[in-house]
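Text of entry.txt, listed as compact mmCIF, C-alpha atoms:
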# COMPACT_ATOMS: atom_id res chain seq x y z
CA MET A 557 7.08 -56.59 -116.55
CA ARG A 558 10.44 -56.22 -114.77
CA MET A 559 11.91 -53.36 -112.74
CA TYR A 560 15.19 -53.95 -114.60
CA ASP A 561 13.56 -52.98 -117.89
CA ILE A 562 11.82 -49.94 -116.37
CA ILE A 563 15.13 -48.68 -114.96
CA GLU A 564 16.82 -49.27 -118.32
CA HIS A 565 14.11 -47.39 -120.21
CA LYS A 566 14.43 -44.30 -118.02
CA ARG A 567 18.23 -44.54 -117.93
CA ASP A 568 18.19 -44.33 -121.71
CA GLY A 569 15.93 -41.28 -121.68
CA ARG A 570 12.68 -42.92 -122.72
CA ALA A 571 9.29 -41.86 -121.38
CA LEU A 572 7.84 -44.49 -119.07
CA SER A 573 4.39 -45.87 -119.82
CA ASP A 574 1.52 -45.56 -117.35
CA GLU A 575 1.78 -49.28 -116.71
CA GLU A 576 5.51 -49.09 -115.92
CA ILE A 577 5.05 -46.21 -113.45
CA GLU A 578 2.10 -47.93 -111.74
CA PHE A 579 4.07 -51.20 -111.56
CA PHE A 580 6.92 -49.39 -109.77
CA VAL A 581 4.73 -47.59 -107.24
CA ARG A 582 2.55 -50.61 -106.51
CA GLY A 583 5.54 -52.94 -106.17
CA TYR A 584 7.53 -50.61 -103.94
CA VAL A 585 4.63 -49.99 -101.54
CA ALA A 586 3.96 -53.75 -101.39
CA GLY A 587 7.60 -54.45 -100.53
CA GLU A 588 8.13 -56.43 -103.75
CA THR A 589 10.62 -53.97 -105.26
CA PRO A 590 13.90 -53.70 -103.32
CA ASP A 591 15.39 -50.36 -102.29
CA TYR A 592 18.34 -50.76 -104.64
CA GLN A 593 16.10 -50.96 -107.71
CA ALA A 594 13.85 -48.12 -106.52
CA SER A 595 16.99 -46.02 -105.87
CA ALA A 596 18.27 -46.75 -109.37
CA LEU A 597 14.99 -45.63 -110.92
CA LEU A 598 14.87 -42.45 -108.80
CA MET A 599 18.40 -41.56 -109.90
CA ALA A 600 17.47 -42.20 -113.53
CA ILE A 601 14.47 -39.88 -113.11
CA PHE A 602 16.71 -37.31 -111.41
CA LEU A 603 19.14 -37.37 -114.36
CA ARG A 604 16.71 -37.85 -117.26
CA GLY A 605 13.62 -36.08 -115.95
CA MET A 606 9.96 -36.81 -116.67
CA ASP A 607 7.53 -35.18 -119.05
CA ALA A 608 4.21 -33.72 -117.84
CA HIS A 609 2.26 -36.90 -118.56
CA GLU A 610 4.75 -39.12 -116.71
CA THR A 611 4.78 -36.76 -113.72
CA THR A 612 0.98 -36.74 -113.54
CA THR A 613 0.84 -40.53 -113.81
CA LEU A 614 3.42 -40.89 -111.03
CA THR A 615 1.43 -38.48 -108.84
CA LEU A 616 -1.85 -40.31 -109.39
CA ALA A 617 -0.25 -43.67 -108.68
CA MET A 618 1.16 -42.29 -105.43
CA GLU A 619 -2.17 -40.67 -104.55
CA HIS A 620 -3.99 -43.99 -104.90
CA SER A 621 -1.39 -45.97 -102.92
CA GLY A 622 -3.39 -45.53 -99.69
CA ASP A 623 -6.49 -43.91 -98.25
CA LEU A 624 -8.33 -41.11 -100.05
CA VAL A 625 -10.29 -38.38 -98.26
CA ASP A 626 -13.81 -37.89 -99.61
CA LEU A 627 -15.03 -34.38 -98.80
CA SER A 628 -18.21 -34.62 -100.86
CA SER A 629 -20.41 -34.68 -97.73
CA ILE A 630 -19.26 -31.13 -96.94
CA PRO A 631 -21.32 -28.55 -98.87
CA GLY A 632 -19.62 -26.01 -101.12
CA ILE A 633 -16.42 -25.85 -103.14
CA LYS A 634 -13.58 -26.97 -100.87
CA VAL A 635 -10.31 -25.11 -101.48
CA ASP A 636 -6.92 -26.22 -100.16
CA LYS A 637 -3.71 -24.21 -99.78
CA HIS A 638 -0.15 -25.47 -99.72
CA SER A 639 3.10 -23.60 -99.09
CA THR A 640 6.45 -25.05 -100.10
CA GLY A 641 7.81 -23.76 -96.78
CA GLY A 642 9.45 -20.63 -95.46
CA VAL A 643 10.68 -18.71 -92.43
CA GLY A 644 8.03 -16.71 -90.58
CA ASP A 645 5.43 -18.07 -93.00
CA LYS A 646 2.32 -18.14 -90.85
CA THR A 647 -0.04 -17.32 -93.71
CA SER A 648 -2.22 -20.43 -93.33
CA LEU A 649 -3.18 -19.42 -89.80
CA ALA A 650 -4.46 -16.09 -91.13
CA VAL A 651 -5.71 -17.02 -94.61
CA VAL A 652 -7.84 -20.00 -93.54
CA PRO A 653 -10.07 -17.95 -91.19
CA ILE A 654 -10.24 -15.03 -93.65
CA VAL A 655 -11.49 -17.28 -96.44
CA ALA A 656 -13.75 -19.39 -94.19
CA SER A 657 -15.36 -16.26 -92.76
CA LEU A 658 -16.44 -15.43 -96.32
CA GLY A 659 -18.15 -18.76 -96.84
CA VAL A 660 -15.53 -20.92 -98.57
CA PRO A 661 -15.00 -24.18 -96.63
CA ILE A 662 -11.45 -25.34 -95.92
CA ALA A 663 -10.64 -28.86 -94.72
CA LYS A 664 -6.86 -28.60 -94.39
CA MET A 665 -4.29 -31.20 -93.48
CA SER A 666 -0.93 -29.66 -92.56
CA GLY A 667 2.52 -30.76 -91.48
CA ARG A 668 5.08 -30.10 -88.78
CA GLY A 669 8.27 -28.15 -89.10
CA LEU A 670 11.53 -29.93 -89.84
CA GLY A 671 14.80 -28.23 -90.60
CA HIS A 672 14.79 -24.45 -90.99
CA THR A 673 11.09 -24.06 -91.84
CA GLY A 674 8.26 -23.94 -89.31
CA GLY A 675 5.16 -26.12 -89.35
CA THR A 676 1.54 -24.99 -89.14
CA LEU A 677 0.64 -27.77 -86.69
CA ASP A 678 3.40 -26.74 -84.26
CA LYS A 679 2.20 -23.15 -84.34
CA LEU A 680 -1.39 -24.14 -83.67
CA GLU A 681 -0.38 -26.48 -80.85
CA SER A 682 1.28 -23.59 -79.00
CA ILE A 683 -2.33 -22.62 -78.11
CA PRO A 684 -3.12 -24.52 -74.87
CA GLY A 685 -5.68 -27.29 -75.29
CA LEU A 686 -5.75 -27.27 -79.07
CA SER A 687 -5.60 -30.67 -80.76
CA THR A 688 -4.61 -31.33 -84.36
CA ALA A 689 -4.97 -35.11 -83.89
CA ILE A 690 -8.66 -35.31 -84.75
CA ASP A 691 -10.39 -38.30 -86.34
CA ARG A 692 -11.92 -37.92 -89.77
CA ASP A 693 -15.57 -37.84 -88.68
CA ARG A 694 -14.91 -35.07 -86.15
CA PHE A 695 -12.81 -33.23 -88.76
CA PHE A 696 -15.69 -33.25 -91.23
CA GLN A 697 -18.13 -32.16 -88.53
CA ILE A 698 -15.98 -29.16 -87.59
CA VAL A 699 -15.70 -28.07 -91.23
CA ARG A 700 -19.46 -28.47 -91.79
CA THR A 701 -20.29 -26.49 -88.66
CA HIS A 702 -17.55 -23.88 -88.54
CA GLY A 703 -16.28 -23.73 -92.12
CA ALA A 704 -12.66 -24.65 -91.43
CA ALA A 705 -10.30 -26.96 -89.58
CA ILE A 706 -6.56 -27.60 -89.71
CA ILE A 707 -5.39 -31.02 -88.59
CA GLY A 708 -2.50 -33.43 -89.03
CA GLN A 709 -2.48 -36.08 -91.72
CA THR A 710 -4.83 -38.92 -90.78
CA GLY A 711 -4.95 -42.58 -91.74
CA ASN A 712 -2.85 -44.28 -94.37
CA LEU A 713 -2.60 -41.28 -96.68
CA VAL A 714 -0.13 -41.62 -99.60
CA PRO A 715 2.20 -44.30 -98.16
CA ALA A 716 4.12 -44.27 -101.45
CA ASP A 717 5.27 -40.73 -100.76
CA LYS A 718 6.57 -41.61 -97.29
CA LEU A 719 8.59 -44.50 -98.70
CA ILE A 720 9.87 -42.71 -101.81
CA TYR A 721 10.76 -39.51 -99.95
CA ALA A 722 12.74 -41.43 -97.32
CA LEU A 723 14.72 -43.04 -100.14
CA ARG A 724 15.24 -39.74 -101.99
CA ASP A 725 16.53 -38.20 -98.77
CA VAL A 726 19.46 -40.66 -98.62
CA THR A 727 20.20 -41.05 -102.34
CA ALA A 728 20.76 -37.39 -103.35
CA THR A 729 17.58 -37.34 -105.45
CA VAL A 730 15.55 -34.78 -103.51
CA ASP A 731 16.22 -31.87 -105.88
CA SER A 732 14.19 -33.10 -108.86
CA ILE A 733 11.16 -31.13 -110.05
CA PRO A 734 9.10 -34.19 -111.13
CA LEU A 735 9.79 -35.90 -107.80
CA ILE A 736 9.12 -32.74 -105.74
CA ALA A 737 5.93 -32.00 -107.66
CA SER A 738 4.58 -35.55 -107.38
CA SER A 739 5.37 -35.65 -103.64
CA ILE A 740 3.47 -32.43 -102.91
CA MET A 741 0.56 -32.96 -105.27
CA SER A 742 -0.09 -36.61 -104.38
CA LYS A 743 -0.85 -35.49 -100.81
CA LYS A 744 -2.94 -32.52 -101.94
CA LEU A 745 -5.02 -34.67 -104.29
CA ALA A 746 -5.51 -37.43 -101.70
CA ALA A 747 -6.72 -34.82 -99.18
CA GLY A 748 -9.84 -34.41 -101.30
CA SER A 749 -10.30 -30.67 -101.89
CA ASP A 750 -11.94 -29.54 -105.12
CA ARG A 751 -9.46 -26.77 -105.95
CA ILE A 752 -5.90 -26.00 -104.88
CA LEU A 753 -3.81 -22.88 -104.29
CA LEU A 754 -0.04 -23.31 -104.17
CA ASP A 755 2.27 -20.79 -102.51
CA VAL A 756 5.68 -21.51 -104.04
CA LYS A 757 8.46 -19.73 -102.19
CA THR A 758 11.60 -18.48 -103.89
CA GLY A 759 14.82 -17.04 -102.48
CA SER A 760 17.39 -17.71 -99.78
CA GLY A 761 14.90 -19.21 -97.33
CA ALA A 762 13.10 -21.38 -99.88
CA PHE A 763 13.70 -24.85 -101.24
CA MET A 764 13.88 -23.36 -104.73
CA LYS A 765 16.45 -20.57 -104.60
CA ASP A 766 15.86 -18.85 -107.96
CA LEU A 767 12.78 -17.58 -109.72
CA ASP A 768 13.04 -19.71 -112.85
CA SER A 769 13.26 -22.95 -110.83
CA SER A 770 10.34 -21.85 -108.67
CA ILE A 771 8.21 -21.14 -111.74
CA ALA A 772 9.18 -24.49 -113.27
CA LEU A 773 8.07 -26.29 -110.09
CA ALA A 774 4.82 -24.29 -110.01
CA GLU A 775 4.11 -25.12 -113.68
CA ALA A 776 4.68 -28.82 -113.00
CA MET A 777 2.31 -28.82 -110.00
CA VAL A 778 -0.38 -26.81 -111.78
CA ALA A 779 -0.21 -29.23 -114.70
CA ILE A 780 -0.65 -32.18 -112.31
CA GLY A 781 -3.62 -30.57 -110.58
CA GLU A 782 -5.31 -29.68 -113.84
CA GLY A 783 -4.57 -33.13 -115.24
CA ALA A 784 -6.29 -34.65 -112.22
CA GLY A 785 -9.36 -32.48 -112.75
CA ARG A 786 -8.64 -30.01 -109.93
CA GLU A 787 -8.39 -26.34 -110.83
CA THR A 788 -4.97 -25.27 -109.52
CA VAL A 789 -3.28 -21.87 -109.21
CA ALA A 790 0.22 -21.05 -107.92
CA LEU A 791 1.69 -17.80 -106.65
CA ILE A 792 5.47 -17.35 -106.55
CA THR A 793 6.24 -15.43 -103.36
CA ASN A 794 9.38 -13.88 -101.91
CA MET A 795 11.37 -15.82 -99.30
CA ASP A 796 14.57 -13.78 -99.63
CA ARG A 797 13.47 -12.29 -96.31
CA PRO A 798 11.46 -13.67 -93.41
CA LEU A 799 7.75 -12.94 -93.66
CA GLY A 800 6.52 -10.56 -90.98
CA HIS A 801 8.41 -9.86 -87.75
CA ALA A 802 7.86 -13.08 -85.78
CA ILE A 803 9.66 -16.42 -86.19
CA GLY A 804 8.65 -19.10 -83.71
CA ASN A 805 5.42 -20.74 -82.69
CA ALA A 806 3.62 -18.65 -80.05
CA LEU A 807 5.29 -15.53 -81.44
CA GLU A 808 3.79 -16.25 -84.86
CA VAL A 809 0.32 -16.98 -83.45
CA ALA A 810 0.42 -13.59 -81.71
CA GLU A 811 1.40 -11.94 -85.01
CA VAL A 812 -1.49 -13.68 -86.79
CA VAL A 813 -3.85 -12.27 -84.15
CA ASP A 814 -2.42 -8.78 -84.76
CA THR A 815 -2.86 -9.26 -88.50
CA LEU A 816 -6.49 -10.38 -88.21
CA ARG A 817 -7.15 -7.40 -85.95
CA GLY A 818 -5.78 -5.03 -88.59
CA ASN A 819 -2.44 -4.34 -86.88
CA GLY A 820 -0.16 -6.83 -88.61
CA PRO A 821 3.06 -6.18 -90.55
CA ALA A 822 2.43 -4.75 -94.00
CA ASP A 823 4.20 -7.56 -95.86
CA LEU A 824 2.31 -10.32 -94.05
CA THR A 825 -1.05 -8.56 -94.45
CA HIS A 826 -0.42 -7.97 -98.16
CA GLU A 827 0.54 -11.59 -98.82
CA CYS A 828 -2.37 -12.98 -96.80
CA CYS A 829 -4.86 -10.85 -98.73
CA ALA A 830 -3.30 -11.89 -102.06
CA LEU A 831 -3.53 -15.57 -101.15
CA ALA A 832 -7.06 -15.16 -99.81
CA ALA A 833 -8.15 -13.42 -103.01
CA GLU A 834 -6.99 -16.41 -105.07
CA MET A 835 -8.81 -18.85 -102.78
CA LEU A 836 -12.00 -16.78 -102.92
CA ILE A 837 -11.94 -16.92 -106.72
CA LEU A 838 -11.27 -20.68 -106.66
CA GLY A 839 -14.14 -21.08 -104.19
CA GLY A 840 -16.56 -19.12 -106.34
CA ARG A 841 -16.92 -16.30 -103.82
CA ALA A 842 -15.17 -13.63 -105.92
CA SER A 843 -14.93 -13.11 -109.66
CA THR A 844 -11.79 -10.94 -109.80
CA LEU A 845 -8.61 -10.57 -107.77
CA ASP A 846 -9.53 -6.99 -106.87
CA GLU A 847 -12.89 -8.17 -105.53
CA GLY A 848 -11.20 -10.98 -103.62
CA ARG A 849 -8.66 -8.64 -102.03
CA SER A 850 -11.41 -6.21 -101.09
CA LEU A 851 -13.44 -8.99 -99.44
CA ALA A 852 -10.38 -10.19 -97.52
CA GLU A 853 -9.60 -6.67 -96.31
CA GLN A 854 -13.23 -6.23 -95.21
CA ALA A 855 -13.15 -9.52 -93.28
CA ILE A 856 -10.15 -8.21 -91.35
CA ALA A 857 -11.62 -4.73 -90.85
CA ASN A 858 -15.01 -5.90 -89.58
CA GLY A 859 -13.56 -8.52 -87.22
CA SER A 860 -15.15 -11.55 -88.87
CA ALA A 861 -11.80 -13.13 -89.76
CA PHE A 862 -10.54 -12.94 -86.17
CA ALA A 863 -13.88 -14.25 -84.89
CA LYS A 864 -13.57 -17.20 -87.29
CA LEU A 865 -10.05 -17.95 -86.01
CA CYS A 866 -11.39 -18.05 -82.44
CA GLU A 867 -14.30 -20.24 -83.53
CA MET A 868 -12.00 -22.68 -85.33
CA VAL A 869 -9.54 -22.84 -82.41
CA ALA A 870 -12.34 -23.43 -79.90
CA ALA A 871 -13.79 -26.23 -82.06
CA GLN A 872 -10.42 -27.98 -81.89
CA GLY A 873 -10.24 -27.60 -78.11
CA GLY A 874 -7.99 -24.54 -77.93
CA ASP A 875 -8.24 -21.87 -75.22
CA THR A 876 -9.31 -18.73 -77.08
CA ALA A 877 -8.36 -16.57 -74.07
CA TYR A 878 -4.82 -16.76 -75.48
CA LEU A 879 -6.07 -15.18 -78.71
CA GLU A 880 -8.10 -12.50 -76.96
CA ASP A 881 -4.99 -11.61 -74.91
CA THR A 882 -1.77 -12.93 -76.43
CA SER A 883 0.27 -11.80 -73.40
CA ARG A 884 -1.10 -14.95 -71.73
CA PHE A 885 1.40 -16.97 -73.74
CA GLY A 886 4.14 -15.47 -71.55
CA ALA A 887 7.74 -14.93 -72.61
CA ALA A 888 10.90 -17.01 -72.88
CA PRO A 889 13.28 -16.62 -69.91
CA VAL A 890 16.08 -15.19 -72.07
CA ALA A 891 15.55 -12.26 -74.46
CA HIS A 892 18.74 -11.03 -76.15
CA GLU A 893 18.97 -7.95 -78.38
CA VAL A 894 21.11 -8.21 -81.50
CA THR A 895 22.37 -4.76 -82.51
CA ALA A 896 23.77 -3.33 -85.72
CA PRO A 897 27.59 -3.31 -85.79
CA ARG A 898 27.70 -0.09 -87.85
CA ASP A 899 25.58 2.41 -89.78
CA GLY A 900 24.17 1.28 -93.11
CA TYR A 901 21.40 -0.79 -94.57
CA LEU A 902 20.32 -4.36 -93.97
CA ALA A 903 21.26 -5.35 -97.50
CA ALA A 904 20.67 -9.10 -97.32
CA ILE A 905 19.36 -11.78 -95.00
CA ASP A 906 20.29 -15.43 -95.36
CA THR A 907 16.78 -16.55 -94.52
CA THR A 908 17.70 -20.23 -94.22
CA ALA A 909 20.31 -19.30 -91.60
CA VAL A 910 17.70 -17.23 -89.72
CA GLY A 911 15.42 -20.27 -89.70
CA THR A 912 18.30 -22.42 -88.49
CA ALA A 913 18.99 -19.94 -85.67
CA SER A 914 15.34 -20.20 -84.64
CA VAL A 915 15.68 -23.99 -84.45
CA GLU A 916 18.85 -23.58 -82.35
CA LEU A 917 16.90 -21.33 -79.99
CA GLY A 918 14.44 -24.20 -79.49
CA ALA A 919 11.60 -23.14 -81.80
CA GLY A 920 12.01 -26.02 -84.24
CA ARG A 921 13.25 -29.56 -84.49
CA GLU A 922 16.26 -31.07 -86.21
CA THR A 923 14.82 -34.58 -85.94
CA LYS A 924 11.16 -35.58 -85.85
CA ASP A 925 11.42 -36.57 -82.17
CA ASP A 926 12.81 -33.26 -80.86
CA ALA A 927 10.68 -31.32 -78.38
CA ILE A 928 9.69 -27.75 -79.26
CA ASP A 929 9.90 -24.71 -76.99
CA TYR A 930 6.77 -22.82 -78.02
CA LEU A 931 8.07 -19.52 -76.58
CA ALA A 932 11.43 -19.63 -78.37
CA GLY A 933 12.11 -17.75 -81.58
CA ILE A 934 13.06 -14.41 -83.08
CA THR A 935 11.40 -11.01 -83.25
CA LEU A 936 12.75 -9.02 -86.20
CA LEU A 937 12.91 -5.29 -85.58
CA LYS A 938 14.48 -4.66 -88.99
CA ASN A 939 14.12 -6.49 -92.29
CA ARG A 940 15.82 -6.48 -95.68
CA GLY A 941 16.27 -2.94 -97.03
CA ASP A 942 15.85 -1.11 -93.71
CA ALA A 943 18.35 1.52 -92.60
CA VAL A 944 20.23 0.74 -89.38
CA ALA A 945 22.43 2.78 -87.05
CA ALA A 946 25.39 1.43 -85.09
CA GLY A 947 24.11 -0.05 -81.83
CA GLU A 948 20.48 -0.01 -82.94
CA PRO A 949 18.54 -3.23 -82.16
CA ILE A 950 17.92 -5.41 -85.22
CA ALA A 951 16.24 -8.36 -83.54
CA ILE A 952 15.42 -10.03 -80.24
CA LEU A 953 16.34 -13.69 -79.74
CA HIS A 954 13.99 -15.54 -77.36
CA THR A 955 15.09 -18.80 -75.73
CA ALA A 956 15.09 -20.89 -72.57
CA ASP A 957 18.70 -20.52 -71.49
CA GLU A 958 22.14 -19.13 -72.27
CA ALA A 959 23.31 -22.39 -73.87
CA HIS A 960 20.66 -22.16 -76.58
CA LEU A 961 21.50 -18.49 -77.07
CA ALA A 962 25.21 -19.26 -77.43
CA ALA A 963 24.44 -21.76 -80.19
CA ALA A 964 22.02 -19.53 -82.11
CA ARG A 965 23.55 -16.08 -81.81
CA PRO A 966 26.48 -16.56 -84.23
CA THR A 967 24.18 -18.28 -86.73
CA PHE A 968 21.76 -15.36 -86.68
CA GLU A 969 24.43 -12.66 -86.75
CA GLY A 970 26.15 -14.42 -89.66
CA ALA A 971 22.91 -14.28 -91.63
CA LEU A 972 22.91 -10.48 -91.79
CA THR A 973 24.74 -8.33 -94.35
CA ILE A 974 25.10 -4.62 -93.55
CA ALA A 975 26.08 -2.43 -96.53
CA SER A 976 26.54 1.25 -97.16
CA GLU A 977 23.88 1.30 -99.91
CA PRO A 978 20.31 -0.03 -99.78
CA PRO A 979 19.57 -3.16 -101.82
CA ALA A 980 17.39 -3.08 -104.90
CA ALA A 981 13.72 -3.35 -103.98
CA GLU A 982 12.06 -6.72 -104.52
CA PRO A 983 8.34 -7.47 -104.81
CA LEU A 984 6.54 -9.77 -102.38
CA LEU A 985 4.84 -11.54 -105.31
CA PHE A 986 6.88 -12.50 -108.35
CA ALA A 987 4.48 -14.42 -110.57
CA ARG A 988 1.14 -16.19 -110.93
CA VAL A 989 0.94 -19.57 -112.64
CA THR A 990 -2.30 -21.06 -113.98
CA ALA A 991 -3.28 -23.52 -116.69
CA ALA A 992 -3.26 -20.53 -119.07
CA GLY A 993 0.42 -19.77 -118.44
CA VAL A 994 2.76 -17.61 -116.37
CA GLU A 995 2.06 -13.99 -115.45
CA ARG A 996 5.20 -12.28 -114.14
CA PHE A 997 4.87 -9.26 -111.86
CA ALA A 998 8.58 -8.36 -111.91

Now, as a test, write the supplied structure out as structure tokens.
Amino acid sequence: MRMYDIIEHKRDGRALSDEEIEFFVRGYVAGETPDYQASALLMAIFLRGMDAHETTTLTLAMEHSGDLVDLSSIPGIKVDKHSTGGVGDKTSLAVVPIVASLGVPIAKMSGRGLGHTGGTLDKLESIPGLSTAIDRDRFFQIVRTHGAAIIGQTGNLVPADKLIYALRDVTATVDSIPLIASSIMSKKLAAGSDRILLDVKTGSGAFMKDLDSSIALAEAMVAIGEGAGRETVALITNMDRPLGHAIGNALEVAEVVDTLRGNGPADLTHECCALAAEMLILGGRASTLDEGRSLAEQAIANGSAFAKLCEMVAAQGGDTAYLEDTSRFGAAPVAHEVTAPRDGYLAAIDTTAVGTASVELGAGRETKDDAIDYLAGITLLKNRGDAVAAGEPIAILHTADEAHLAAARPTFEGALTIASEPPAAEPLLFARVTAAGVERFA
């Protein structure tokens, strides 16, 4: 078998065999296939696509390119959650303790922020003492004892994805549904959970900007999960506006605490309960979405979800005093109010630009080696659709110094559109995708 022939087959629009796909992945990870041939195949896939069987085969080959996590020693149905990334998306920090407090174990491996989207690990690490670099045995022990843990990727997990993604990033082949789906799902499958919930964002702050593309990606990932024997569900959620009021690491942790104490923003609380309901069904704890939502709301109301967050944080070495009293985090030295230039409505928010402004304030990283200012970020006082008056505060920008503010302020202000008429209302949840098909809510 030759890479030349595999490239030619896909260039000509033919479906690749299982053996051809496995030959490519195995050879590239082993260093036997040069970058120029791998790049040629990726471009052929980008242009010609892959069918569902090819995409599943590629995902499984990538999954098995390195270590696999075996969670079978942890009792119960383990449910994982993945978000495709958004601005102000701190749902994992709230949903994991909600679901774990109701008896569904979650052994979650998460990532760091890069670009305009924040990372769950960075948010957690804003809590003093907390470690996400935990070895596998300790990880399993925490989940067995406390029901949940969130850590960074450990060991040699899916090396094929690291290599292929790095090549896609420099060959203009990132925006391909089969390649996106296989990248995400190979890591989810290798992480070992029994069932998977996907939160696929759509809109100006999401990787997929329109609803149809987001649904297509969700369908591809659900098909992969089901093909691998893992029940998989996807929700398509709105990222045409930041989620909640807080953008930035310690700011978002504080908002999660408010949410788990019953005082969170309505949009964040609604989305967290919707995601939790799906995970409770996947975990066998609820039989209907209404029951799942009711259980999630009860876990917030009776304090068990917040108690579980504290328990999980303490197990990973974090100082829970910062959760009991979030003012302990302190505040950034500079807090600048952005005000409305005129009367009207906040008709649109370029959510990617808002995320970029947060990075410029110091809350994120543009390269993997950048340091993060855990106190930097944005507090939104108004969101899409809200009425504003001239001079009324829209947001507060938090940062370490005037230089960071000078860089971020025009980016943030340029992200806002003030109009004389309110925009059409949009739902927070657009669709639900399962093996049975697509259910659209709007």

Review point. Which one of A:Tyr878, A:Tyr930, A:Phe602, A:Tyr560 sits closest to A:Pro734 if you count all atoms listed in the file?
Key: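 Closest residue, counting all atoms listed in the file: A:Phe602.
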
Check your understanding: Using only C-alpha atoms, can you list as a list in words the residues within 10 Å of (0.5, -51.2, -105.9)?
Key ->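 Within the cut-off we find Glu578, Phe579, Phe580, Val581, Arg582, Gly583, Tyr584, Val585, Ala586, Gly587, Glu588, Ala617, Met618, His620, Ser621, Gly622 and Ala716 of chain A.
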
Practice item. Find the distance between atom CA of A:Tyr721 and atom CA of A:Thr611 and write it in Å to one decimal. Key: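 Atom CA of A:Thr611 lies at a distance of 15.3 Å from atom CA of A:Tyr721.
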
Practice item. Quick one: pull the distance between atom CA of A:Thr688 and atom CA of A:Leu649, Å, one decimal. Key: 13.2 Å

Exercise for review: May I have the protein, DNA and RNA residues with any atom at most 12 Å from the point (10.6, -23.8, -112.9), counting all atoms listed in the file, written as a ChimeraX atom specification?
Suggested key: /A:732-734,736-737,756-758,764-778,790,792,987,989,994

Exercise for review: Would you list the contacts of A:Ala943 as a list in words, taking every protein, DNA or RNA residue within 12 Å and counting only C-alpha atoms, but skipping same-chain residues closer than 6 positions in sequence?
Suggested key: Ala896, Arg898, Asp899, Gly900, Tyr901, Leu902, Ala903, Ala904, Leu937, Pro949, Ile950, Thr973, Ile974, Ala975, Ser976, Glu977, Pro978 and Pro979 of chain A

Check your understanding: Which one of A:Asp926, A:Glu787, A:Glu969, A:Glu916 sits closest to A:Asp957 if you count all atoms listed in the file?
Key ->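 Checking each candidate against A:Asp957, we get A:Glu916 as the closest.
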
Revision key, fill the gap. Across A:Arg700, A:Lys637, A:Arg604, A:His801, the smallest distance to A:Glu564, with all atoms listed in the file counted, is shown by A:Arg604

Exercise for review: Can you work out the spacing between atom CA of A:His954 and atom CA of A:Val910 in Å, to one decimal?
Suggested key: 13.0 Å

**Study point:** Close residues, A:Asp823 itself excluded, 8 Å, all atoms listed in the file, min 4 positions apart in chain, as a list in words
**Key:**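 Counting all atoms listed in the file, the residues come to Leu799, Gly800, Glu827 and Leu984 of chain A.
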
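Proximity to A:Ala959 was assessed for A:Gly918, A:Arg988, A:Glu995, A:Leu597 counting only C-alpha atoms; the smallest distance is recorded for A:Gly918.
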
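Among A:Ala956, A:Leu753, A:Met741, A:Cys829, the residue with the shortest atom-to-atom distance to A:Pro889, counting all atoms listed in the file, is A:Ala956.
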
Spatial neighbours of stretch 650-653 of chain A, max dist 10 Å, only C-alpha atoms, sep filter under 5 positions, as a short mmCIF file (atom, residue, chain, number, x, y, z; two decimals) with C-alpha atoms, in the coordinates of the input:
data_model
loop_
_atom_site.label_atom_id
_atom_site.label_comp_id
_atom_site.auth_asym_id
_atom_site.auth_seq_id
_atom_site.Cartn_x
_atom_site.Cartn_y
_atom_site.Cartn_z
CA VAL A 635 -10.31 -25.11 -101.48
CA ASP A 636 -6.92 -26.22 -100.16
CA LYS A 637 -3.71 -24.21 -99.78
CA LEU A 658 -16.44 -15.43 -96.32
CA GLY A 659 -18.15 -18.76 -96.84
CA VAL A 660 -15.53 -20.92 -98.57
CA PRO A 661 -15.00 -24.18 -96.63
CA ILE A 662 -11.45 -25.34 -95.92
CA ALA A 663 -10.64 -28.86 -94.72
CA LYS A 664 -6.86 -28.60 -94.39
CA HIS A 702 -17.55 -23.88 -88.54
CA GLY A 703 -16.28 -23.73 -92.12
CA ALA A 704 -12.66 -24.65 -91.43
CA ALA A 705 -10.30 -26.96 -89.58
CA ILE A 706 -6.56 -27.60 -89.71
CA VAL A 809 0.32 -16.98 -83.45
CA GLU A 811 1.40 -11.94 -85.01
CA VAL A 812 -1.49 -13.68 -86.79
CA VAL A 813 -3.85 -12.27 -84.15
CA ASP A 814 -2.42 -8.78 -84.76
CA THR A 815 -2.86 -9.26 -88.50
CA LEU A 816 -6.49 -10.38 -88.21
CA LEU A 824 2.31 -10.32 -94.05
CA THR A 825 -1.05 -8.56 -94.45
CA GLU A 827 0.54 -11.59 -98.82
CA CYS A 828 -2.37 -12.98 -96.80
CA CYS A 829 -4.86 -10.85 -98.73
CA ALA A 830 -3.30 -11.89 -102.06
CA LEU A 831 -3.53 -15.57 -101.15
CA ALA A 832 -7.06 -15.16 -99.81
CA ALA A 833 -8.15 -13.42 -103.01
CA MET A 835 -8.81 -18.85 -102.78
CA ALA A 852 -10.38 -10.19 -97.52
CA ALA A 855 -13.15 -9.52 -93.28
CA ILE A 856 -10.15 -8.21 -91.35
CA SER A 860 -15.15 -11.55 -88.87
CA ALA A 861 -11.80 -13.13 -89.76
CA PHE A 862 -10.54 -12.94 -86.17
CA ALA A 863 -13.88 -14.25 -84.89
CA LYS A 864 -13.57 -17.20 -87.29
CA LEU A 865 -10.05 -17.95 -86.01
CA CYS A 866 -11.39 -18.05 -82.44
CA GLU A 867 -14.30 -20.24 -83.53
CA MET A 868 -12.00 -22.68 -85.33
#

Review point. Skipping near chain neighbours, those fewer than 4 positions away, what residues fall within 10 Å of A:Glu982 using all atoms listed in the file, listed as a ChimeraX atom specification?
Key: /A:794,796,940-941,986,998
